[in-house]
Amino acid sequence: MIRLTSDYRSKGVAVVAIMPNDPTSIRLDELGYTDMGDSFEEMKRRAAEKHYNFPYLYDGKTEEVAKKYGPIATPHVFIFDKDRKLRYSGRVDDVEKPGKTPSTLDTRNAIEALLAGKEPPVKTTKVFGCSIKWAEKSDWIEKAKQEWAKEPVKMDTITADGIRDLVKNGSDKLRLINVWATWCGPCVAEFPDLVDINRMYRRRDFEFISISADEPAKRAKALQFLQKSQASNINYIFNIDDKYKLIEAIDPKWQGALPYTLLVEPGGKVVYAKEGPVDAAALKKLIVDDPVIGRYY
């Protein structure tokens, strides 16, 4: 879209992108291939990050404009001539993954034909992509909340050797490990973000593991917090009250302040280590940009 805008702006072609989705109709588990949702604030962040050279408009609040155009999925292109007559409706090209090379450039072909005073060679195509998140789908969110609330929340004990095995990551998944405690304010404050991250990516090659640094005698309290947080991921509590053995098992470089978060690739490569609260937006970007996960099907 950026290249399309650059190539045709001087030829009298204007490109406008419209975001039609109602952000309240998107479940977290529909966002497994991205680091952002479809809120207006996230749109502005994406536009700045990608240096969009075209207007990027928000229609998610009312979807009034989108309903008049009638998109089937995103992306869906509509090309109008100088008299505002619709001349093409369909796909950008015949591939969905940016890394692949398209063989049919339907949108460009239509633009070239119209600039030459000709009929587009193809006037309409089917489109492939994410369905439009119409406001009518907002009940999906409530249904998701009900489903998540029913998921069992468990917590097991773990030894120092067990923790070292976790960090070695013999799985085939990208592993997010968070060390926390009920008495740690920043831990408690950031935990909902980690639960959301798990809900976003757990259908991918990803897993979230929490390790409580509470005293073993406080296990019931720690489990109660996890249940209240609906943390249906893998949860552990360190089996002894020796925090220094916990620190050494997780990461000898860690100074011991909580929370502490690691992102570990299969084979044990640590790609992210953070003492203190995480930046959830930055962490999601790291996860989805990691080659173990990726942004595309």
# chains A, B, ... in the order shown; residues from 1 in each chain; ligands from 1
$ select_by_dssp --residues "range 41-270 of chain A" --states "strand (DSSP E or B)" --output "PDB file with C-alpha atoms, in the first residue's frame"
ATOM      1  CA  TYR A  56      -5.528   5.894   7.641  1.00  0.00           C
ATOM      2  CA  LEU A  57      -9.074   6.389   8.835  1.00  0.00           C
ATOM      3  CA  TYR A  58     -10.980   4.916  11.783  1.00  0.00           C
ATOM      4  CA  ALA A  73     -12.731  -9.095   4.417  1.00  0.00           C
ATOM      5  CA  THR A  74      -9.599  -7.080   5.020  1.00  0.00           C
ATOM      6  CA  VAL A  77      -9.943  -2.679  -2.457  1.00  0.00           C
ATOM      7  CA  PHE A  78     -12.454  -0.338  -4.127  1.00  0.00           C
ATOM      8  CA  ILE A  79     -11.257   1.779  -7.063  1.00  0.00           C
ATOM      9  CA  PHE A  80     -13.297   4.728  -8.304  1.00  0.00           C
ATOM     10  CA  LEU A  86     -16.824   2.181  -8.956  1.00  0.00           C
ATOM     11  CA  ARG A  87     -14.632   0.464 -11.549  1.00  0.00           C
ATOM     12  CA  TYR A  88     -12.907  -2.282  -9.534  1.00  0.00           C
ATOM     13  CA  SER A  89     -13.655  -4.201  -6.345  1.00  0.00           C
ATOM     14  CA  GLY A  90     -11.490  -7.007  -5.024  1.00  0.00           C
ATOM     15  CA  THR A 124     -14.146  -7.802  -9.551  1.00  0.00           C
ATOM     16  CA  CYS A 130      -9.811 -11.603   8.071  1.00  0.00           C
ATOM     17  CA  SER A 131     -13.569 -11.200   8.254  1.00  0.00           C
ATOM     18  CA  ASP A 156       2.482 -27.027  41.102  1.00  0.00           C
ATOM     19  CA  THR A 157       5.723 -26.853  43.060  1.00  0.00           C
ATOM     20  CA  ILE A 158       9.020 -26.673  41.232  1.00  0.00           C
ATOM     21  CA  LEU A 174       8.620 -19.828  22.431  1.00  0.00           C
ATOM     22  CA  ARG A 175       8.474 -19.717  26.235  1.00  0.00           C
ATOM     23  CA  LEU A 176       7.589 -16.674  28.332  1.00  0.00           C
ATOM     24  CA  ILE A 177       8.651 -17.102  31.977  1.00  0.00           C
ATOM     25  CA  ASN A 178       7.581 -14.626  34.664  1.00  0.00           C
ATOM     26  CA  VAL A 179       8.712 -14.679  38.281  1.00  0.00           C
ATOM     27  CA  TRP A 180       6.294 -12.872  40.587  1.00  0.00           C
ATOM     28  CA  PHE A 206       3.936 -20.258  22.498  1.00  0.00           C
ATOM     29  CA  GLU A 207       3.541 -20.915  26.194  1.00  0.00           C
ATOM     30  CA  PHE A 208       3.427 -18.725  29.289  1.00  0.00           C
ATOM     31  CA  ILE A 209       4.827 -20.056  32.560  1.00  0.00           C
ATOM     32  CA  SER A 210       4.582 -18.205  35.860  1.00  0.00           C
ATOM     33  CA  ILE A 211       6.730 -18.962  38.914  1.00  0.00           C
ATOM     34  CA  SER A 212       5.640 -17.635  42.288  1.00  0.00           C
ATOM     35  CA  ILE A 234       1.301 -23.275  33.539  1.00  0.00           C
ATOM     36  CA  ASN A 235       1.953 -22.023  37.082  1.00  0.00           C
ATOM     37  CA  TYR A 236       4.583 -23.018  39.654  1.00  0.00           C
ATOM     38  CA  ILE A 237       5.664 -22.006  43.128  1.00  0.00           C
ATOM     39  CA  PHE A 238       9.285 -22.458  44.208  1.00  0.00           C
ATOM     40  CA  TYR A 260      11.536 -10.817  36.420  1.00  0.00           C
ATOM     41  CA  THR A 261      10.605 -11.935  32.920  1.00  0.00           C
ATOM     42  CA  LEU A 262      12.378 -14.066  30.339  1.00  0.00           C
ATOM     43  CA  LEU A 263      11.483 -14.885  26.751  1.00  0.00           C
ATOM     44  CA  VAL A 264      13.262 -18.084  25.717  1.00  0.00           C
ATOM     45  CA  VAL A 270      17.139 -16.022  25.915  1.00  0.00           C
TER      46      VAL A 270
END
$ closest_atom_pairs --of "range 107-154 of chain A" --to "range 14-32 of chain A" --cutoff "8 Å" --atoms "only C-alpha atoms" --output "tab-separated table"
residue	atom	partner	partner_atom	distance
A:Ile132	CA	A:Asn21	CA	5.9
A:Lys133	CA	A:Asn21	CA	4.7
A:Trp134	CA	A:Asp22	CA	5.9
A:Ala135	CA	A:Asp22	CA	5.5
A:Glu136	CA	A:Ser25	CA	7.7
A:Lys137	CA	A:Ser25	CA	5.3
A:Ser138	CA	A:Ser25	CA	4.1
A:Asp139	CA	A:Ser25	CA	7.4
A:Trp140	CA	A:Ser25	CA	6.7
A:Ile141	CA	A:Arg27	CA	5.7
A:Ala144	CA	A:Arg27	CA	7.0
$ closest_residue --among "A:Leu226, A:Met36, A:Ile287, A:Ala116" --to "Glu49 in chain A" --atoms "only C-alpha atoms"
A:Met36
$ residues_around --residues "range 250-252 of chain A" --least-positions-apart "6" --cutoff "8 Å" --atoms "only C-alpha atoms" --output "PyMOL selection string"
chain A and resi 163-164+167
$ select_by_dssp --residues "range 23-157 of chain A" --states "helix (DSSP H, G or I)" --output "PyMOL selection string"
chain A and resi 23-25+28-30+40-50+64-69+106-115+135-150
$ closest_residue --among "A:His76, A:Arg295, A:Lys118, A:Lys168" --to "Arg204 in chain A" --atoms "only C-alpha atoms"
A:Arg295
$ closest_residue --among "A:Lys68, A:Leu4, A:Asp205, A:Thr182" --to "Leu105 in chain A" --atoms "only C-alpha atoms"
A:Leu4
$ closest_residue --among "A:Gln224, A:Thr5, A:Thr34, A:Thr104" --to "Thr125 in chain A" --atoms "only C-alpha atoms"
A:Thr104
$ closest_residue --among "A:Gly60, A:Pro152, A:Pro75, A:Gly294" --to "Tyr201 in chain A" --atoms "only C-alpha atoms"
A:Gly294
$ atom_distance --atom1 "CA of Met1 in chain A" --atom2 "CA of Asp81 in chain A"
18.4 Å
$ atom_distance --atom1 "CA of Lys126 in chain A" --atom2 "CA of Tyr69 in chain A"
15.0 Å
$ decode --residues "range 206-220 of chain A" --atoms "N, CA and C atoms" --output "PDB file, in the first residue's frame"
ATOM      1  N   PHE A 206       3.653 -21.175  21.398  1.00  0.00           N
ATOM      2  CA  PHE A 206       3.936 -20.258  22.498  1.00  0.00           C
ATOM      3  C   PHE A 206       3.370 -20.806  23.793  1.00  0.00           C
ATOM      4  N   GLU A 207       4.095 -20.577  24.889  1.00  0.00           N
ATOM      5  CA  GLU A 207       3.541 -20.915  26.194  1.00  0.00           C
ATOM      6  C   GLU A 207       4.013 -19.921  27.242  1.00  0.00           C
ATOM      7  N   PHE A 208       3.132 -19.633  28.185  1.00  0.00           N
ATOM      8  CA  PHE A 208       3.427 -18.725  29.289  1.00  0.00           C
ATOM      9  C   PHE A 208       3.503 -19.529  30.577  1.00  0.00           C
ATOM     10  N   ILE A 209       4.614 -19.353  31.298  1.00  0.00           N
ATOM     11  CA  ILE A 209       4.827 -20.056  32.560  1.00  0.00           C
ATOM     12  C   ILE A 209       5.106 -19.032  33.643  1.00  0.00           C
ATOM     13  N   SER A 210       4.335 -19.095  34.730  1.00  0.00           N
ATOM     14  CA  SER A 210       4.582 -18.205  35.860  1.00  0.00           C
ATOM     15  C   SER A 210       5.189 -18.998  37.011  1.00  0.00           C
ATOM     16  N   ILE A 211       6.097 -18.345  37.746  1.00  0.00           N
ATOM     17  CA  ILE A 211       6.730 -18.962  38.914  1.00  0.00           C
ATOM     18  C   ILE A 211       6.565 -18.020  40.100  1.00  0.00           C
ATOM     19  N   SER A 212       5.844 -18.458  41.100  1.00  0.00           N
ATOM     20  CA  SER A 212       5.640 -17.635  42.288  1.00  0.00           C
ATOM     21  C   SER A 212       6.849 -17.727  43.209  1.00  0.00           C
ATOM     22  N   ALA A 213       7.298 -16.566  43.665  1.00  0.00           N
ATOM     23  CA  ALA A 213       8.393 -16.497  44.633  1.00  0.00           C
ATOM     24  C   ALA A 213       7.862 -16.367  46.053  1.00  0.00           C
ATOM     25  N   ASP A 214       6.562 -16.574  46.237  1.00  0.00           N
ATOM     26  CA  ASP A 214       5.993 -16.582  47.590  1.00  0.00           C
ATOM     27  C   ASP A 214       6.565 -17.755  48.390  1.00  0.00           C
ATOM     28  N   GLU A 215       6.534 -17.639  49.702  1.00  0.00           N
ATOM     29  CA  GLU A 215       6.949 -18.745  50.549  1.00  0.00           C
ATOM     30  C   GLU A 215       6.037 -19.946  50.275  1.00  0.00           C
ATOM     31  N   PRO A 216       6.559 -21.156  50.301  1.00  0.00           N
ATOM     32  CA  PRO A 216       5.716 -22.344  50.093  1.00  0.00           C
ATOM     33  C   PRO A 216       4.495 -22.366  51.012  1.00  0.00           C
ATOM     34  N   ALA A 217       4.641 -21.814  52.216  1.00  0.00           N
ATOM     35  CA  ALA A 217       3.518 -21.783  53.156  1.00  0.00           C
ATOM     36  C   ALA A 217       2.398 -20.862  52.679  1.00  0.00           C
ATOM     37  N   LYS A 218       2.707 -19.957  51.742  1.00  0.00           N
ATOM     38  CA  LYS A 218       1.717 -19.022  51.205  1.00  0.00           C
ATOM     39  C   LYS A 218       1.121 -19.518  49.886  1.00  0.00           C
ATOM     40  N   ARG A 219       1.273 -20.800  49.626  1.00  0.00           N
ATOM     41  CA  ARG A 219       0.811 -21.357  48.352  1.00  0.00           C
ATOM     42  C   ARG A 219      -0.674 -21.089  48.115  1.00  0.00           C
ATOM     43  N   ALA A 220      -1.502 -21.259  49.121  1.00  0.00           N
ATOM     44  CA  ALA A 220      -2.943 -21.057  48.963  1.00  0.00           C
ATOM     45  C   ALA A 220      -3.252 -19.630  48.528  1.00  0.00           C
TER      46      ALA A 220
END
